[in-house]
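K.L.:
Take a look at entry.pdb, PDB, C-alpha atoms, pLDDT in the B column:
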MODEL        1
ATOM      1  CA  MET A 215     -62.677  42.958 -11.420  1.00 64.00           C
ATOM      2  CA  ASN A 216     -60.527  40.747  -9.165  1.00 77.00           C
ATOM      3  CA  LYS A 217     -56.826  40.676  -9.886  1.00 88.00           C
ATOM      4  CA  SER A 218     -55.194  37.276 -10.211  1.00 95.00           C
ATOM      5  CA  ILE A 219     -53.092  36.066  -7.287  1.00 95.00           C
ATOM      6  CA  LEU A 220     -51.214  33.527  -9.414  1.00 97.00           C
ATOM      7  CA  ILE A 221     -47.430  33.733  -9.276  1.00 97.00           C
ATOM      8  CA  ALA A 222     -47.192  34.475 -13.004  1.00 97.00           C
ATOM      9  CA  ALA A 223     -49.494  37.489 -12.609  1.00 97.00           C
ATOM     10  CA  THR A 224     -47.873  39.028  -9.509  1.00 97.00           C
ATOM     11  CA  THR A 225     -44.584  40.468  -8.360  1.00 97.00           C
ATOM     12  CA  ARG A 226     -42.864  39.369  -5.171  1.00 97.00           C
ATOM     13  CA  GLU A 227     -43.960  42.620  -3.512  1.00 96.00           C
ATOM     14  CA  GLU A 228     -47.574  42.009  -4.524  1.00 96.00           C
ATOM     15  CA  ARG A 229     -47.409  38.451  -3.143  1.00 95.00           C
ATOM     16  CA  GLU A 230     -46.019  39.764   0.161  1.00 92.00           C
ATOM     17  CA  GLN A 231     -48.911  42.207   0.325  1.00 93.00           C
ATOM     18  CA  ILE A 232     -51.466  39.508  -0.540  1.00 93.00           C
ATOM     19  CA  VAL A 233     -50.203  37.294   2.287  1.00 90.00           C
ATOM     20  CA  ALA A 234     -49.988  40.183   4.768  1.00 87.00           C
ATOM     21  CA  GLU A 235     -53.520  41.340   3.985  1.00 88.00           C
ATOM     22  CA  SER A 236     -54.875  37.794   4.109  1.00 86.00           C
ATOM     23  CA  ILE A 237     -53.530  36.890   7.533  1.00 81.00           C
ATOM     24  CA  GLY A 238     -53.494  40.301   9.168  1.00 73.00           C
ATOM     25  CA  ASN A 239     -50.692  41.581  11.355  1.00 56.00           C
ATOM     26  CA  ILE A 240     -47.815  39.216  10.607  1.00 49.00           C
ATOM     27  CA  SER A 241     -45.708  40.599  13.418  1.00 50.00           C
ATOM     28  CA  GLY A 242     -48.004  38.456  15.556  1.00 48.00           C
ATOM     29  CA  ALA A 243     -49.305  39.639  18.882  1.00 50.00           C
ATOM     30  CA  CYS A 244     -49.934  36.053  19.952  1.00 55.00           C
ATOM     31  CA  ASP A 245     -46.688  34.208  20.633  1.00 53.00           C
ATOM     32  CA  GLY A 246     -45.643  33.993  17.007  1.00 53.00           C
ATOM     33  CA  CYS A 247     -48.676  32.266  15.505  1.00 57.00           C
ATOM     34  CA  MET A 248     -49.053  34.895  12.772  1.00 57.00           C
ATOM     35  CA  ALA A 249     -45.359  34.733  12.017  1.00 60.00           C
ATOM     36  CA  GLY A 250     -45.812  30.961  11.594  1.00 69.00           C
ATOM     37  CA  LEU A 251     -48.574  31.551   9.086  1.00 75.00           C
ATOM     38  CA  ALA A 252     -46.426  33.996   7.173  1.00 74.00           C
ATOM     39  CA  GLU A 253     -43.645  31.396   7.107  1.00 85.00           C
ATOM     40  CA  MET A 254     -46.101  28.801   5.768  1.00 89.00           C
ATOM     41  CA  TYR A 255     -46.686  31.015   2.725  1.00 93.00           C
ATOM     42  CA  GLN A 256     -43.008  31.852   2.098  1.00 94.00           C
ATOM     43  CA  ASP A 257     -42.861  29.516  -0.931  1.00 95.00           C
ATOM     44  CA  TYR A 258     -45.691  31.531  -2.493  1.00 96.00           C
ATOM     45  CA  ILE A 259     -43.957  34.819  -1.763  1.00 95.00           C
ATOM     46  CA  ASP A 260     -40.738  33.406  -3.262  1.00 96.00           C
ATOM     47  CA  GLY A 261     -42.636  32.282  -6.384  1.00 97.00           C
ATOM     48  CA  LYS A 262     -42.068  28.559  -5.786  1.00 97.00           C
ATOM     49  CA  ARG A 263     -45.630  27.289  -5.103  1.00 97.00           C
ATOM     50  CA  GLU A 264     -49.122  28.697  -5.592  1.00 97.00           C
ATOM     51  CA  ILE A 265     -51.303  29.501  -2.570  1.00 94.00           C
ATOM     52  CA  ARG A 266     -53.677  26.758  -3.692  1.00 95.00           C
ATOM     53  CA  GLU A 267     -50.918  24.132  -3.436  1.00 95.00           C
ATOM     54  CA  ILE A 268     -49.883  25.288   0.047  1.00 93.00           C
ATOM     55  CA  ASN A 269     -53.476  25.300   1.279  1.00 91.00           C
ATOM     56  CA  MET A 270     -54.154  21.843  -0.178  1.00 92.00           C
ATOM     57  CA  GLU A 271     -51.054  20.414   1.528  1.00 90.00           C
ATOM     58  CA  PHE A 272     -52.014  21.998   4.851  1.00 86.00           C
ATOM     59  CA  ARG A 273     -55.583  20.686   4.588  1.00 85.00           C
ATOM     60  CA  ALA A 274     -54.379  17.181   3.691  1.00 84.00           C
ATOM     61  CA  ARG A 275     -52.085  17.092   6.724  1.00 77.00           C
ATOM     62  CA  TYR A 276     -54.820  18.430   8.991  1.00 75.00           C
ATOM     63  CA  GLU A 277     -57.434  15.934   7.808  1.00 72.00           C
ATOM     64  CA  SER A 278     -55.113  12.915   7.713  1.00 66.00           C
ATOM     65  CA  GLY A 279     -53.315  13.576  10.975  1.00 63.00           C
ATOM     66  CA  ILE A 280     -49.912  13.371   9.287  1.00 58.00           C
ATOM     67  CA  GLU A 281     -47.117  14.290  11.674  1.00 58.00           C
ATOM     68  CA  ALA A 282     -47.054  18.032  12.184  1.00 51.00           C
ATOM     69  CA  PRO A 283     -46.114  20.376  15.022  1.00 52.00           C
ATOM     70  CA  GLU A 284     -48.522  20.211  17.941  1.00 53.00           C
ATOM     71  CA  ARG A 285     -50.454  23.291  18.795  1.00 50.00           C
ATOM     72  CA  SER A 286     -50.130  24.837  22.217  1.00 50.00           C
ATOM     73  CA  GLY A 287     -52.350  27.844  22.774  1.00 51.00           C
ATOM     74  CA  CYS A 288     -51.655  30.175  19.904  1.00 54.00           C
ATOM     75  CA  GLY A 289     -48.126  29.007  19.120  1.00 50.00           C
ATOM     76  CA  TYR A 290     -46.669  25.722  17.937  1.00 47.00           C
ATOM     77  CA  PHE A 291     -44.075  23.538  19.533  1.00 47.00           C
ATOM     78  CA  GLU A 292     -42.339  20.359  18.500  1.00 46.00           C
ATOM     79  CA  GLY A 293     -43.395  17.562  20.774  1.00 43.00           C
TER      80      GLY A 293
ENDMDL
END
Take the structure I supplied and represent it as structure tokens, if you would.

P.N.:
Amino acid sequence: MNKSILIAATTREEREQIVAESIGNISGACDGCMAGLAEMYQDYIDGKREIREINMEFRARYESGIEAPERSGCGYFEG
């Protein structure tokens, strides 16, 4: 049986583990790109927004081309 990943059903420590396991090594061996992903999910870890909300916002920005940091290689830079 799959355990819920909803904020109400998890502790902060469990949410940190969920994010870490989902994105792999968050220390990032590629110029900080993994650290950027971990930062993206900080609201979930802090219990402010569900993963679903964060993913929907990211997808909407990606598909619409709304202003976001440009990607350079593996990292991001403001440009």

K.L.:
Using all atoms listed in the file, which of A:Ile219, A:Glu235, A:Met254, A:Glu228 sits nearest A:Glu271?

P.N.:
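Smallest separation from A:Glu271 among the options: A:Met254.
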
K.L.:
For atom CA of A:Glu267 and atom CA of A:Tyr255, quote the distance in Å rounded to one decimal.

P.N.:
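Taking atom CA of A:Glu267 and atom CA of A:Tyr255, their separation equals 10.2 Å.
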
K.L.:
Since I can't run it myself right now, could you work out what the PyMOL selection byres ((chain A and resi 258) around 12) selects here and report it as an NGL selection string?

P.N.:
:A and (219-222 or 224-233 or 251-257 or 259-269)
